[in-house]
$ cat my_file.cif   # mmCIF, C-alpha atoms and all ligand atoms
data_data
#
loop_
_atom_site.label_atom_id
_atom_site.label_comp_id
_atom_site.auth_asym_id
_atom_site.auth_seq_id
_atom_site.Cartn_x
_atom_site.Cartn_y
_atom_site.Cartn_z
CA MET A 66 98.96 114.63 153.50
CA THR A 67 97.40 118.05 154.07
CA MET A 68 97.15 121.19 152.00
CA LYS A 69 100.12 122.63 153.85
CA ASP A 70 102.22 119.87 152.27
CA ILE A 71 101.79 121.18 148.72
CA LYS A 72 105.05 122.76 147.63
CA ILE A 73 104.72 125.49 145.04
CA GLU A 74 107.58 126.33 142.70
CA LEU A 75 106.60 129.20 140.43
CA THR A 76 107.95 129.56 136.93
CA THR A 77 110.31 132.43 136.15
CA TYR A 78 109.32 132.31 132.49
CA LYS A 79 105.68 132.95 131.61
CA LYS A 80 104.52 131.71 128.23
CA GLU A 81 102.67 133.98 125.86
CA LYS A 82 98.92 133.33 125.93
CA PRO A 83 97.30 132.42 122.61
CA ALA A 84 94.58 134.61 121.05
CA SER A 85 91.12 133.27 121.86
CA ASP A 86 90.28 132.60 118.19
CA LYS A 87 93.36 130.34 117.91
CA LEU A 88 92.61 128.13 120.91
CA GLY A 89 90.93 125.10 119.34
CA PHE A 90 91.12 122.17 121.76
CA GLY A 91 94.02 120.98 123.92
CA GLN A 92 96.89 122.56 122.02
CA PHE A 93 98.16 125.10 124.56
CA PHE A 94 99.06 124.51 128.20
CA THR A 95 99.22 126.79 131.20
CA ASP A 96 102.44 127.69 133.06
CA HIS A 97 102.13 125.12 135.87
CA MET A 98 101.12 121.55 136.65
CA LEU A 99 100.37 119.56 139.80
CA ILE A 100 102.15 116.27 140.53
CA ILE A 101 101.60 113.79 143.37
CA ASP A 102 103.65 110.56 143.61
CA TYR A 103 102.56 107.15 144.85
CA LYS A 104 104.66 104.30 146.14
CA ASN A 105 103.50 101.10 147.80
CA GLY A 106 103.92 101.44 151.54
CA LYS A 107 104.19 105.22 151.34
CA GLY A 108 100.86 106.06 149.71
CA TRP A 109 100.28 109.28 147.78
CA HIS A 110 102.98 111.75 148.76
CA ASP A 111 105.08 114.77 147.77
CA PRO A 112 102.35 116.95 146.22
CA ARG A 113 103.86 119.82 144.27
CA ILE A 114 102.92 122.53 141.81
CA ILE A 115 105.81 123.09 139.43
CA PRO A 116 106.39 124.85 136.10
CA TYR A 117 104.79 122.95 133.19
CA GLN A 118 107.51 120.75 131.77
CA PRO A 119 108.26 117.35 130.19
CA ILE A 120 108.37 114.47 132.67
CA SER A 121 111.09 111.89 132.67
CA LEU A 122 110.09 108.21 132.87
CA ASP A 123 111.95 104.93 132.53
CA PRO A 124 111.23 103.45 129.06
CA ALA A 125 110.10 100.27 130.84
CA ALA A 126 107.41 102.18 132.81
CA LYS A 127 104.27 100.07 132.75
CA VAL A 128 102.09 102.81 131.34
CA PHE A 129 103.95 102.58 128.01
CA HIS A 130 103.48 98.82 127.67
CA TYR A 131 100.26 97.84 129.36
CA GLY A 132 98.25 101.05 129.42
CA GLN A 133 97.71 101.21 133.18
CA THR A 134 96.41 104.76 133.21
CA VAL A 135 93.22 106.74 133.83
CA PHE A 136 92.18 110.32 133.17
CA GLU A 137 89.46 112.90 133.66
CA GLY A 138 88.29 116.06 131.91
CA LEU A 139 86.61 119.04 133.56
CA LYS A 140 86.39 122.77 133.02
CA ALA A 141 86.78 126.12 134.80
CA TYR A 142 85.15 129.38 133.71
CA VAL A 143 85.44 133.04 134.65
CA THR A 144 82.13 134.84 135.10
CA VAL A 145 81.54 138.41 133.92
CA ASP A 146 82.00 139.59 137.50
CA LYS A 147 85.36 137.74 137.59
CA ARG A 148 84.42 134.78 139.77
CA VAL A 149 86.09 131.47 138.87
CA LEU A 150 83.67 128.54 138.66
CA LEU A 151 84.40 124.82 138.40
CA PHE A 152 81.67 122.57 137.00
CA ARG A 153 80.94 119.47 139.14
CA PRO A 154 84.59 118.73 140.03
CA GLU A 155 83.65 116.31 142.83
CA SER A 156 81.90 114.12 140.25
CA ASN A 157 85.09 113.98 138.19
CA PHE A 158 87.28 112.91 141.11
CA LYS A 159 84.67 110.37 142.13
CA ARG A 160 84.67 108.95 138.60
CA LEU A 161 88.49 108.99 138.58
CA ASN A 162 88.41 106.71 141.61
CA ALA A 163 85.88 104.42 139.91
CA SER A 164 88.28 104.20 136.94
CA ASN A 165 91.18 103.61 139.37
CA GLU A 166 89.31 100.70 140.86
CA ARG A 167 88.86 99.06 137.46
CA LEU A 168 92.51 99.62 136.46
CA CYS A 169 93.97 98.47 139.83
CA ILE A 170 95.29 101.96 140.60
CA PRO A 171 95.20 103.10 144.25
CA ALA A 172 92.41 105.53 145.11
CA ILE A 173 93.21 109.20 145.45
CA ASN A 174 91.82 111.36 148.23
CA GLU A 175 89.07 113.21 146.34
CA GLU A 176 89.00 116.20 148.66
CA PHE A 177 92.74 116.61 148.54
CA ALA A 178 92.77 116.33 144.74
CA LEU A 179 90.13 119.08 144.54
CA GLU A 180 92.08 121.30 146.92
CA GLY A 181 95.25 120.74 144.88
CA LEU A 182 93.36 121.61 141.71
CA LYS A 183 92.01 124.81 143.28
CA GLN A 184 95.55 125.86 144.20
CA LEU A 185 96.79 125.09 140.69
CA ILE A 186 93.99 127.16 139.14
CA THR A 187 94.74 130.01 141.56
CA VAL A 188 98.37 130.00 140.38
CA ASP A 189 97.37 129.96 136.68
CA ARG A 190 94.16 131.93 137.01
CA GLU A 191 95.07 134.42 134.28
CA TRP A 192 95.07 131.52 131.79
CA ILE A 193 91.29 131.07 132.00
CA PRO A 194 89.99 132.53 128.75
CA THR A 195 87.01 134.88 128.93
CA GLU A 196 85.56 134.97 125.40
CA PRO A 197 82.12 133.31 125.02
CA GLY A 198 82.54 129.63 124.13
CA THR A 199 85.98 129.35 125.75
CA SER A 200 87.04 127.79 129.07
CA LEU A 201 89.98 126.23 130.89
CA TYR A 202 90.02 122.48 130.22
CA ILE A 203 91.53 120.53 133.10
CA ARG A 204 93.09 117.12 132.52
CA PRO A 205 93.89 115.10 135.67
CA PHE A 206 95.52 111.73 134.90
CA ILE A 207 97.38 108.90 136.58
CA ILE A 208 100.16 106.79 135.06
CA ALA A 209 101.86 103.57 136.19
CA THR A 210 105.57 104.24 136.53
CA ASP A 211 107.17 100.93 137.65
CA PRO A 212 110.03 100.02 135.29
CA TYR A 213 109.09 96.34 135.02
CA LEU A 214 107.80 94.37 132.03
CA GLY A 215 105.93 91.67 133.92
CA VAL A 216 102.19 91.96 133.49
CA SER A 217 101.09 92.97 136.98
CA SER A 218 99.85 96.13 138.63
CA SER A 219 102.46 98.83 139.15
CA ARG A 220 103.59 99.69 142.67
CA SER A 221 104.35 103.30 141.80
CA PHE A 222 102.24 105.92 140.05
CA GLN A 223 102.09 109.62 139.32
CA PHE A 224 98.93 111.72 139.54
CA ILE A 225 99.29 114.81 137.37
CA ILE A 226 96.99 117.71 136.51
CA ILE A 227 97.64 119.82 133.43
CA MET A 228 95.38 122.59 132.11
CA SER A 229 94.66 123.97 128.67
CA PRO A 230 92.68 127.06 127.58
CA VAL A 231 90.19 125.83 124.97
CA GLY A 232 87.59 126.92 122.47
CA SER A 233 85.29 124.36 120.89
CA TYR A 234 86.22 120.69 120.54
CA TYR A 235 84.81 120.32 117.05
CA LYS A 236 85.77 122.72 114.29
CA GLU A 237 82.00 122.97 113.63
CA GLY A 238 81.53 124.67 117.07
CA ILE A 239 77.82 124.56 117.89
CA LYS A 240 76.96 123.70 114.26
CA PRO A 241 75.71 120.13 113.78
CA VAL A 242 78.33 117.41 113.29
CA LYS A 243 78.14 114.40 110.97
CA ILE A 244 78.66 110.98 112.48
CA LEU A 245 79.33 107.58 110.92
CA VAL A 246 77.79 104.52 112.60
CA GLU A 247 80.59 101.92 112.81
CA GLN A 248 79.57 98.45 111.69
CA ASN A 249 82.71 96.35 112.06
CA TYR A 250 84.88 97.53 114.93
CA VAL A 251 83.65 97.92 118.51
CA ARG A 252 84.84 100.24 121.28
CA ALA A 253 84.09 98.20 124.38
CA VAL A 254 82.28 95.15 125.71
CA ALA A 255 80.34 94.47 128.90
CA GLY A 256 82.85 93.43 131.58
CA GLY A 257 85.66 95.28 129.78
CA THR A 258 86.91 98.77 130.54
CA GLY A 259 84.31 100.78 128.57
CA ALA A 260 82.86 102.48 131.64
CA ALA A 261 86.30 103.54 132.90
CA LYS A 262 88.05 106.61 131.57
CA THR A 263 91.24 104.93 130.44
CA GLY A 264 93.50 105.57 127.47
CA GLY A 265 92.96 102.12 125.93
CA ASN A 266 89.30 102.86 125.19
CA TYR A 267 90.35 105.87 123.16
CA ALA A 268 93.21 104.01 121.44
CA SER A 269 90.74 101.34 120.34
CA SER A 270 88.42 104.03 118.97
CA LEU A 271 91.03 105.55 116.65
CA LYS A 272 90.50 103.08 113.81
CA GLY A 273 86.80 103.92 113.65
CA GLN A 274 87.61 107.59 113.77
CA GLU A 275 90.03 107.19 110.86
CA ILE A 276 87.39 105.36 108.81
CA ALA A 277 84.82 108.06 109.65
CA SER A 278 87.08 110.93 108.67
CA GLU A 279 88.08 109.28 105.38
CA ASP A 280 84.36 109.33 104.57
CA GLY A 281 83.96 113.01 105.59
CA TYR A 282 82.46 112.35 109.07
CA SER A 283 83.71 113.93 112.32
CA GLN A 284 83.16 111.02 114.70
CA THR A 285 82.09 107.40 115.07
CA LEU A 286 78.92 106.18 116.71
CA TRP A 287 79.74 102.89 118.45
CA LEU A 288 77.30 100.02 118.71
CA ASP A 289 77.40 97.32 121.41
CA GLY A 290 80.23 94.82 121.24
CA VAL A 291 78.09 91.66 121.10
CA GLU A 292 75.24 92.13 118.66
CA LYS A 293 76.51 95.35 117.02
CA ARG A 294 72.94 96.48 117.20
CA TYR A 295 72.48 98.73 120.23
CA VAL A 296 73.68 102.33 120.33
CA GLU A 297 76.45 102.96 122.90
CA GLU A 298 78.33 106.25 122.56
CA VAL A 299 80.28 108.50 120.22
CA GLY A 300 84.11 108.67 120.43
CA SER A 301 84.17 111.64 122.78
CA MET A 302 80.54 112.04 123.82
CA ASN A 303 77.42 110.28 125.10
CA ILE A 304 74.48 110.38 122.70
CA PHE A 305 70.83 111.45 122.98
CA PHE A 306 67.96 111.28 120.46
CA LYS A 307 64.61 113.02 120.56
CA MET A 308 62.05 110.68 119.05
CA ASN A 309 58.35 111.37 119.01
CA GLY A 310 58.57 113.99 121.77
CA THR A 311 60.67 111.87 124.14
CA VAL A 312 64.40 112.25 124.68
CA VAL A 313 66.18 108.90 124.94
CA THR A 314 69.75 107.97 125.76
CA PRO A 315 71.39 104.54 126.11
CA ALA A 316 71.17 103.25 129.70
CA LEU A 317 74.54 102.78 131.42
CA ASN A 318 75.37 99.12 130.91
CA GLY A 319 78.98 98.73 132.00
CA SER A 320 80.49 99.48 128.61
CA ILE A 321 79.32 103.10 128.27
CA LEU A 322 81.16 105.99 129.93
CA PRO A 323 78.98 107.50 132.72
CA GLY A 324 79.26 111.05 131.42
CA ILE A 325 78.89 113.92 133.88
CA THR A 326 77.40 116.15 131.17
CA ARG A 327 75.11 113.20 130.30
CA ASP A 328 73.90 113.06 133.90
CA SER A 329 73.49 116.86 134.01
CA MET A 330 71.32 116.77 130.86
CA ILE A 331 69.09 114.06 132.30
CA GLN A 332 68.56 116.15 135.45
CA LEU A 333 67.94 119.29 133.39
CA LEU A 334 65.38 117.58 131.13
CA LYS A 335 63.55 116.18 134.16
CA SER A 336 63.45 119.64 135.76
CA LYS A 337 61.84 121.01 132.56
CA ASN A 338 59.29 118.17 132.46
CA ILE A 339 60.59 116.98 129.11
CA PRO A 340 60.17 113.19 128.93
CA ILE A 341 63.55 111.47 129.18
CA GLU A 342 64.24 107.74 129.11
CA GLU A 343 67.46 105.83 129.75
CA ARG A 344 67.14 102.49 127.97
CA ARG A 345 68.49 100.24 125.27
CA ILE A 346 68.17 101.84 121.83
CA SER A 347 68.76 99.77 118.73
CA ILE A 348 70.09 101.39 115.59
CA ASP A 349 67.03 99.90 113.80
CA GLU A 350 64.76 101.91 116.09
CA VAL A 351 66.59 105.13 115.17
CA ILE A 352 66.46 104.35 111.45
CA GLU A 353 62.77 103.44 111.67
CA ALA A 354 62.03 106.70 113.52
CA TYR A 355 63.82 108.54 110.73
CA HIS A 356 61.76 106.78 108.06
CA ASN A 357 58.47 107.45 109.79
CA GLY A 358 59.35 111.08 110.51
CA THR A 359 59.62 110.84 114.32
CA LEU A 360 63.40 111.24 114.66
CA GLU A 361 63.34 114.88 115.70
CA GLU A 362 66.77 115.70 117.14
CA ALA A 363 70.08 114.10 118.06
CA PHE A 364 72.96 115.47 120.09
CA GLY A 365 76.10 114.41 121.89
CA THR A 366 77.22 115.50 125.35
CA GLY A 367 80.65 115.62 126.96
CA THR A 368 82.94 117.93 128.89
CA ALA A 369 85.08 118.69 125.87
CA ALA A 370 82.24 118.69 123.34
CA VAL A 371 79.67 120.36 125.69
CA ILE A 372 76.45 119.77 123.68
CA SER A 373 77.01 119.03 120.08
CA PRO A 374 74.02 118.78 117.73
CA ILE A 375 74.15 115.87 115.29
CA GLY A 376 72.95 116.82 111.82
CA GLU A 377 73.67 113.58 110.01
CA LEU A 378 74.22 109.92 110.78
CA LYS A 379 75.48 107.51 108.16
CA TRP A 380 74.29 103.94 108.64
CA GLN A 381 75.43 101.43 106.03
CA GLU A 382 74.87 103.28 102.76
CA GLU A 383 72.08 105.49 104.03
CA ARG A 384 72.49 109.13 105.09
CA ILE A 385 70.09 110.05 107.89
CA ILE A 386 69.61 113.81 107.91
CA ILE A 387 68.28 115.01 111.26
CA ASN A 388 66.20 118.19 111.62
CA ASN A 389 67.36 119.33 108.15
CA GLY A 390 70.92 119.27 109.43
CA GLU A 391 70.14 122.05 111.91
CA ILE A 392 70.27 122.35 115.68
CA GLY A 393 66.95 121.37 117.27
CA GLU A 394 64.93 123.34 119.81
CA VAL A 395 65.60 121.05 122.79
CA THR A 396 69.30 120.79 121.93
CA GLN A 397 69.56 124.58 121.77
CA MET A 398 67.72 124.99 125.08
CA LEU A 399 70.03 122.44 126.76
CA TYR A 400 73.11 124.13 125.31
CA ASP A 401 71.99 127.58 126.44
CA THR A 402 71.03 126.41 129.92
CA LEU A 403 74.13 124.30 130.50
CA THR A 404 76.61 126.91 129.25
CA GLY A 405 74.72 129.64 131.14
CA ILE A 406 75.03 127.70 134.42
CA GLN A 407 78.68 126.90 133.67
CA ASN A 408 79.70 130.48 132.95
CA GLY A 409 77.62 131.91 135.78
CA SER A 410 75.20 133.93 133.61
CA LEU A 411 72.25 131.74 134.76
CA GLU A 412 71.13 130.60 138.21
CA ASP A 413 72.45 127.19 139.24
CA PRO A 414 69.49 125.48 140.92
CA PHE A 415 71.37 122.16 140.95
CA SER A 416 74.44 123.50 142.85
CA TRP A 417 76.67 122.09 140.13
CA THR A 418 79.21 124.89 140.12
CA ILE A 419 81.82 125.47 142.79
CA LYS A 420 83.36 128.87 143.31
CA LEU A 421 87.11 128.89 143.70
C1 LIG B 1 86.09 114.98 127.80
O1 LIG B 1 85.00 115.32 127.32
O2 LIG B 1 86.60 115.58 128.75
C2 LIG B 1 86.80 113.84 127.27
O3 LIG B 1 87.54 113.27 128.00
C3 LIG B 1 86.59 113.48 125.86
C4 LIG B 1 87.80 113.46 125.01
C5 LIG B 1 88.43 114.76 124.72
C6 LIG B 1 88.71 112.34 125.25
#

$ encode --input "my_file.cif" --output "structure tokens" --more "lines below"
Ligand code: COI
Amino acid sequence: MTMKDIKIELTTYKKEKPASDKLGFGQFFTDHMLIIDYKNGKGWHDPRIIPYQPISLDPAAKVFHYGQTVFEGLKAYVTVDKRVLLFRPESNFKRLNASNERLCIPAINEEFALEGLKQLITVDREWIPTEPGTSLYIRPFIIATDPYLGVSSSRSFQFIIIMSPVGSYYKEGIKPVKILVEQNYVRAVAGGTGAAKTGGNYASSLKGQEIASEDGYSQTLWLDGVEKRYVEEVGSMNIFFKMNGTVVTPALNGSILPGITRDSMIQLLKSKNIPIEERRISIDEVIEAYHNGTLEEAFGTGTAAVISPIGELKWQEERIIINNGEIGEVTQMLYDTLTGIQNGSLEDPFSWTIKL
């Protein structure tokens, strides 16, 4: 399969673009989508860019019953001088293949997927919003399409990319969010699928999210699935704390999603000579740091959420207010540097961005 094989069918009806203050997250979709099919014996084939539309699947398709599916999330930005930048797309396609491996889905050709994405963005380029704090969120995903109810890996799949102009993920924007530490349910266990980006992990997180929002909190902080003692991640973000001058984040342990923004923040902190540790962090350590006044900042990182300061954690009956509920200095610096690199207003010494 080469780039010449991608068929492009342009829409004759262009949708109206939403105003930038109405974007929110993932509610509007661009005019086109990319689809590539897979069949055993034939491999990935028939790549095409077509008008955005519903897809038709057999109700017995395995994705509906057994959740054989993976996805990614990445973003594109337009710079003030009208260049289009993608942030670390190779890392996303690499992670997609790692998720594929775990879910028994055939690997995609990462270079081809990136080329297909570039063509799709070129077709829908005018959908990339330009207001500060906005971007084009890109959602590649793969679904198992075999119409067969036996529990076994599918022999046919579809790889699809859809795109959505977005503002901030949380209604709070860059204002600190409040997070409830979940004590009963768990998101993932070592040896499970926690490190893969697959729908089931998010389905299993919904109960916690419902409990959190009933209590007035935006998200759930998940603890490990065995002892319910060690901090893992938040529903849509990895988590960092600044305690006693050192930034710490849970080490990747097989049940935590290896976030690309997480990795970028670790590299950025190292480049600024700010101490950063990846290690096990118990919730008791965080609570103790709060009580002795050394819990200085907390923030979450993710493609959708970018960098989101955490102003409050609720653990059991105690409300842990962090930095008076305000964004901390290191969090602000990371936010400014990351978004500046992403939107091209700052130098990119890490070569993270790719120009279209
Ligand atoms: C992302 O940050 O891209 C995510 O996938 C998180 C979430 C919206 C599911």

$ closest_atom_pairs --input "my_file.cif" --of "chain A" --to "ligand LIG 1 (chain B)" --cutoff "12 Å" --atoms "all atoms listed in the file" --output "CSV"
residue,atom,partner,partner_atom,distance
A:Gly89,CA,B:LIG1,C5,11.9
A:Phe90,CA,B:LIG1,C5,8.4
A:Gly91,CA,B:LIG1,C5,8.4
A:Gln92,CA,B:LIG1,C5,11.8
A:Val135,CA,B:LIG1,O3,10.4
A:Phe136,CA,B:LIG1,O3,7.5
A:Glu137,CA,B:LIG1,O3,6.0
A:Gly138,CA,B:LIG1,O2,3.6
A:Leu139,CA,B:LIG1,O2,5.9
A:Lys140,CA,B:LIG1,O2,8.4
A:Phe152,CA,B:LIG1,O2,11.9
A:Pro154,CA,B:LIG1,O2,11.9
A:Asn157,CA,B:LIG1,O2,9.7
A:Arg160,CA,B:LIG1,O3,11.8
A:Leu161,CA,B:LIG1,O3,11.5
A:Leu201,CA,B:LIG1,O2,11.4
A:Tyr202,CA,B:LIG1,O2,7.8
A:Ile203,CA,B:LIG1,O2,8.2
A:Arg204,CA,B:LIG1,O2,7.7
A:Pro205,CA,B:LIG1,O2,10.1
A:Phe206,CA,B:LIG1,O3,10.7
A:Met228,CA,B:LIG1,O2,11.7
A:Ser229,CA,B:LIG1,O2,11.6
A:Val231,CA,B:LIG1,C5,11.2
A:Ser233,CA,B:LIG1,C5,10.8
A:Tyr234,CA,B:LIG1,C5,7.6
A:Tyr235,CA,B:LIG1,C5,10.1
A:Ala261,CA,B:LIG1,O3,11.0
A:Lys262,CA,B:LIG1,O3,7.6
A:Thr263,CA,B:LIG1,C6,9.4
A:Gly264,CA,B:LIG1,C6,8.6
A:Gly265,CA,B:LIG1,C6,11.1
A:Asn266,CA,B:LIG1,C6,9.5
A:Tyr267,CA,B:LIG1,C6,7.0
A:Ala268,CA,B:LIG1,C6,10.2
A:Ser270,CA,B:LIG1,C6,10.4
A:Leu271,CA,B:LIG1,C6,11.2
A:Gln284,CA,B:LIG1,C4,11.6
A:Glu298,CA,B:LIG1,C3,11.5
A:Val299,CA,B:LIG1,C3,9.8
A:Gly300,CA,B:LIG1,C4,7.6
A:Ser301,CA,B:LIG1,C3,4.3
A:Met302,CA,B:LIG1,C3,6.5
A:Asn303,CA,B:LIG1,O1,9.4
A:Leu322,CA,B:LIG1,O3,9.9
A:Pro323,CA,B:LIG1,O1,11.2
A:Gly324,CA,B:LIG1,O1,8.2
A:Ile325,CA,B:LIG1,O1,9.1
A:Thr326,CA,B:LIG1,O1,8.6
A:Arg327,CA,B:LIG1,O1,10.5
A:Gly365,CA,B:LIG1,O1,10.5
A:Thr366,CA,B:LIG1,O1,8.0
A:Gly367,CA,B:LIG1,O1,4.4
A:Thr368,CA,B:LIG1,O1,3.7
A:Ala369,CA,B:LIG1,O1,3.7
A:Ala370,CA,B:LIG1,O1,5.9
A:Val371,CA,B:LIG1,O1,7.5
A:Ile372,CA,B:LIG1,O1,10.3
A:Ser373,CA,B:LIG1,O1,11.4

$ closest_atom_pairs --input "my_file.cif" --of "segment 223-265 of chain A" --to "segment 102-119 of chain A" --cutoff "9 Å" --atoms "all atoms listed in the file" --output "CSV"
residue,atom,partner,partner_atom,distance
A:Gln223,CA,A:Asp102,CA,4.7
A:Phe224,CA,A:Asp102,CA,6.3
A:Ile225,CA,A:Asp102,CA,8.7
A:Ile227,CA,A:Tyr117,CA,7.8

$ atom_distance --input "my_file.cif" --atom1 "atom CA of Ala126 of chain A" --atom2 "atom CA of Asp211 of chain A"
5.0 Å

$ residues_around --input "my_file.cif" --residues "Pro212 of chain A" --least-positions-apart "6" --cutoff "7 Å" --atoms "only C-alpha atoms" --output "short mmCIF file (atom, residue, chain, number, x, y, z; two decimals) with C-alpha atoms, in the coordinates of the input"
data_model
loop_
_atom_site.label_atom_id
_atom_site.label_comp_id
_atom_site.auth_asym_id
_atom_site.auth_seq_id
_atom_site.Cartn_x
_atom_site.Cartn_y
_atom_site.Cartn_z
CA ASP A 123 111.95 104.93 132.53
CA ALA A 125 110.10 100.27 130.84
CA ALA A 126 107.41 102.18 132.81
CA LYS A 127 104.27 100.07 132.75
#

$ axis_aligned_box --input "my_file.cif" --around "segment 306-319 of chain A" --padding-each-side "6 Å" --output "AutoDock Vina command-line options"
--center_x 68.7 --center_y 106.4 --center_z 125.5 --size_x 32.6 --size_y 27.3 --size_z 25.0

$ residues_around --input "my_file.cif" --residues "Gln184 of chain A" --least-positions-apart "3" --cutoff "12 Å" --atoms "all atoms listed in the file" --output "PDB file with C-alpha atoms, in the frame of the given file"
ATOM      1  CA  MET A  68      97.150 121.190 152.000  1.00  0.00           C
ATOM      2  CA  LYS A  69     100.120 122.630 153.850  1.00  0.00           C
ATOM      3  CA  ILE A  71     101.790 121.180 148.720  1.00  0.00           C
ATOM      4  CA  LYS A  72     105.050 122.760 147.630  1.00  0.00           C
ATOM      5  CA  ILE A  73     104.720 125.490 145.040  1.00  0.00           C
ATOM      6  CA  HIS A  97     102.130 125.120 135.870  1.00  0.00           C
ATOM      7  CA  MET A  98     101.120 121.550 136.650  1.00  0.00           C
ATOM      8  CA  LEU A  99     100.370 119.560 139.800  1.00  0.00           C
ATOM      9  CA  PRO A 112     102.350 116.950 146.220  1.00  0.00           C
ATOM     10  CA  ARG A 113     103.860 119.820 144.270  1.00  0.00           C
ATOM     11  CA  ILE A 114     102.920 122.530 141.810  1.00  0.00           C
ATOM     12  CA  ILE A 115     105.810 123.090 139.430  1.00  0.00           C
ATOM     13  CA  PHE A 177      92.740 116.610 148.540  1.00  0.00           C
ATOM     14  CA  ALA A 178      92.770 116.330 144.740  1.00  0.00           C
ATOM     15  CA  LEU A 179      90.130 119.080 144.540  1.00  0.00           C
ATOM     16  CA  GLU A 180      92.080 121.300 146.920  1.00  0.00           C
ATOM     17  CA  GLY A 181      95.250 120.740 144.880  1.00  0.00           C
ATOM     18  CA  THR A 187      94.740 130.010 141.560  1.00  0.00           C
ATOM     19  CA  VAL A 188      98.370 130.000 140.380  1.00  0.00           C
ATOM     20  CA  ASP A 189      97.370 129.960 136.680  1.00  0.00           C
ATOM     21  CA  ARG A 190      94.160 131.930 137.010  1.00  0.00           C
ATOM     22  CA  ILE A 226      96.990 117.710 136.510  1.00  0.00           C
ATOM     23  CA  LEU A 421      87.110 128.890 143.700  1.00  0.00           C
TER      24      LEU A 421
END

$ residues_around --input "my_file.cif" --residues "Gly310 of chain A" --least-positions-apart "5" --cutoff "12 Å" --atoms "all atoms listed in the file" --output "PyMOL selection string"
chain A and resi 338-342+354+358-362+394-395

$ residues_around --input "my_file.cif" --residues "Ser410 of chain A" --least-positions-apart "4" --cutoff "10 Å" --atoms "only C-alpha atoms" --output "PyMOL selection string"
chain A and resi 144-146+402+404-406

$ closest_atom_pairs --input "my_file.cif" --of "segment 229-326 of chain A" --to "segment 377-388 of chain A" --cutoff "9 Å" --atoms "all atoms listed in the file" --output "CSV"
residue,atom,partner,partner_atom,distance
A:Pro241,CA,A:Glu377,CA,7.8
A:Val242,CA,A:Glu377,CA,6.9
A:Lys243,CA,A:Glu377,CA,4.6
A:Ile244,CA,A:Leu378,CA,4.9
A:Leu245,CA,A:Lys379,CA,4.7
A:Val246,CA,A:Trp380,CA,5.3
A:Glu247,CA,A:Trp380,CA,7.8
A:Gln248,CA,A:Gln381,CA,7.6
A:Tyr282,CA,A:Lys379,CA,8.5
A:Leu286,CA,A:Leu378,CA,8.4

$ write_last_selection --input "my_file.cif" --atoms "C-alpha atoms" --output "PDB file, keeping the file's coordinate frame"
ATOM      1  CA  PRO A 241      75.710 120.130 113.780  1.00  0.00           C
ATOM      2  CA  VAL A 242      78.330 117.410 113.290  1.00  0.00           C
ATOM      3  CA  LYS A 243      78.140 114.400 110.970  1.00  0.00           C
ATOM      4  CA  ILE A 244      78.660 110.980 112.480  1.00  0.00           C
ATOM      5  CA  LEU A 245      79.330 107.580 110.920  1.00  0.00           C
ATOM      6  CA  VAL A 246      77.790 104.520 112.600  1.00  0.00           C
ATOM      7  CA  GLU A 247      80.590 101.920 112.810  1.00  0.00           C
ATOM      8  CA  GLN A 248      79.570  98.450 111.690  1.00  0.00           C
ATOM      9  CA  TYR A 282      82.460 112.350 109.070  1.00  0.00           C
ATOM     10  CA  LEU A 286      78.920 106.180 116.710  1.00  0.00           C
TER      11      LEU A 286
END

$ atom_distance --input "my_file.cif" --atom1 "atom CA of Ser283 of chain A" --atom2 "atom CA of Pro374 of chain A"
12.1 Å

$ residues_around --input "my_file.cif" --residues "segment 417-420 of chain A" --least-positions-apart "6" --cutoff "6 Å" --atoms "only C-alpha atoms" --output "list in words"
Val149, Leu150, Leu151, Phe152 and Arg153 of chain A

$ closest_residue --input "my_file.cif" --among "A:Asp328, A:Glu391, A:Asp349, A:Glu196" --to "Phe305 of chain A" --atoms "all atoms listed in the file"
A:Asp328

$ atom_distance --input "my_file.cif" --atom1 "atom CA of Ala255 of chain A" --atom2 "atom CA of Val216 of chain A"
22.5 Å

$ closest_residue --input "my_file.cif" --among "A:Ala209, A:Leu75, A:Ala172, A:Val296" --to "Ala253 of chain A" --atoms "only C-alpha atoms"
A:Val296

$ closest_residue --input "my_file.cif" --among "A:Leu214, A:Glu155, A:Val143, A:Glu166" --to "Phe129 of chain A" --atoms "only C-alpha atoms"
A:Leu214

$ closest_residue --input "my_file.cif" --among "A:Lys337, A:Lys87, A:Arg294, A:Lys80" --to "Trp192 of chain A" --atoms "only C-alpha atoms"
A:Lys80

$ decode --input "my_file.cif" --residues "segment 277-282 of chain A" --atoms "N, CA and C atoms" --output "short mmCIF file (atom, residue, chain, number, x, y, z; two decimals), in the first residue's frame"
data_model
loop_
_atom_site.label_atom_id
_atom_site.label_comp_id
_atom_site.auth_asym_id
_atom_site.auth_seq_id
_atom_site.Cartn_x
_atom_site.Cartn_y
_atom_site.Cartn_z
N ALA A 277 -17.87 10.46 41.43
CA ALA A 277 -17.16 11.73 41.64
C ALA A 277 -18.09 12.90 41.31
N SER A 278 -18.79 12.81 40.17
CA SER A 278 -19.58 14.00 39.82
C SER A 278 -20.78 14.18 40.74
N GLU A 279 -21.32 13.08 41.27
CA GLU A 279 -22.42 13.25 42.24
C GLU A 279 -21.96 14.02 43.47
N ASP A 280 -20.65 13.93 43.76
CA ASP A 280 -20.09 14.60 44.93
C ASP A 280 -19.49 15.97 44.56
N GLY A 281 -19.68 16.41 43.31
CA GLY A 281 -19.20 17.73 42.89
C GLY A 281 -17.76 17.74 42.41
N TYR A 282 -17.20 16.56 42.07
CA TYR A 282 -15.81 16.48 41.60
C TYR A 282 -15.78 16.20 40.10
#
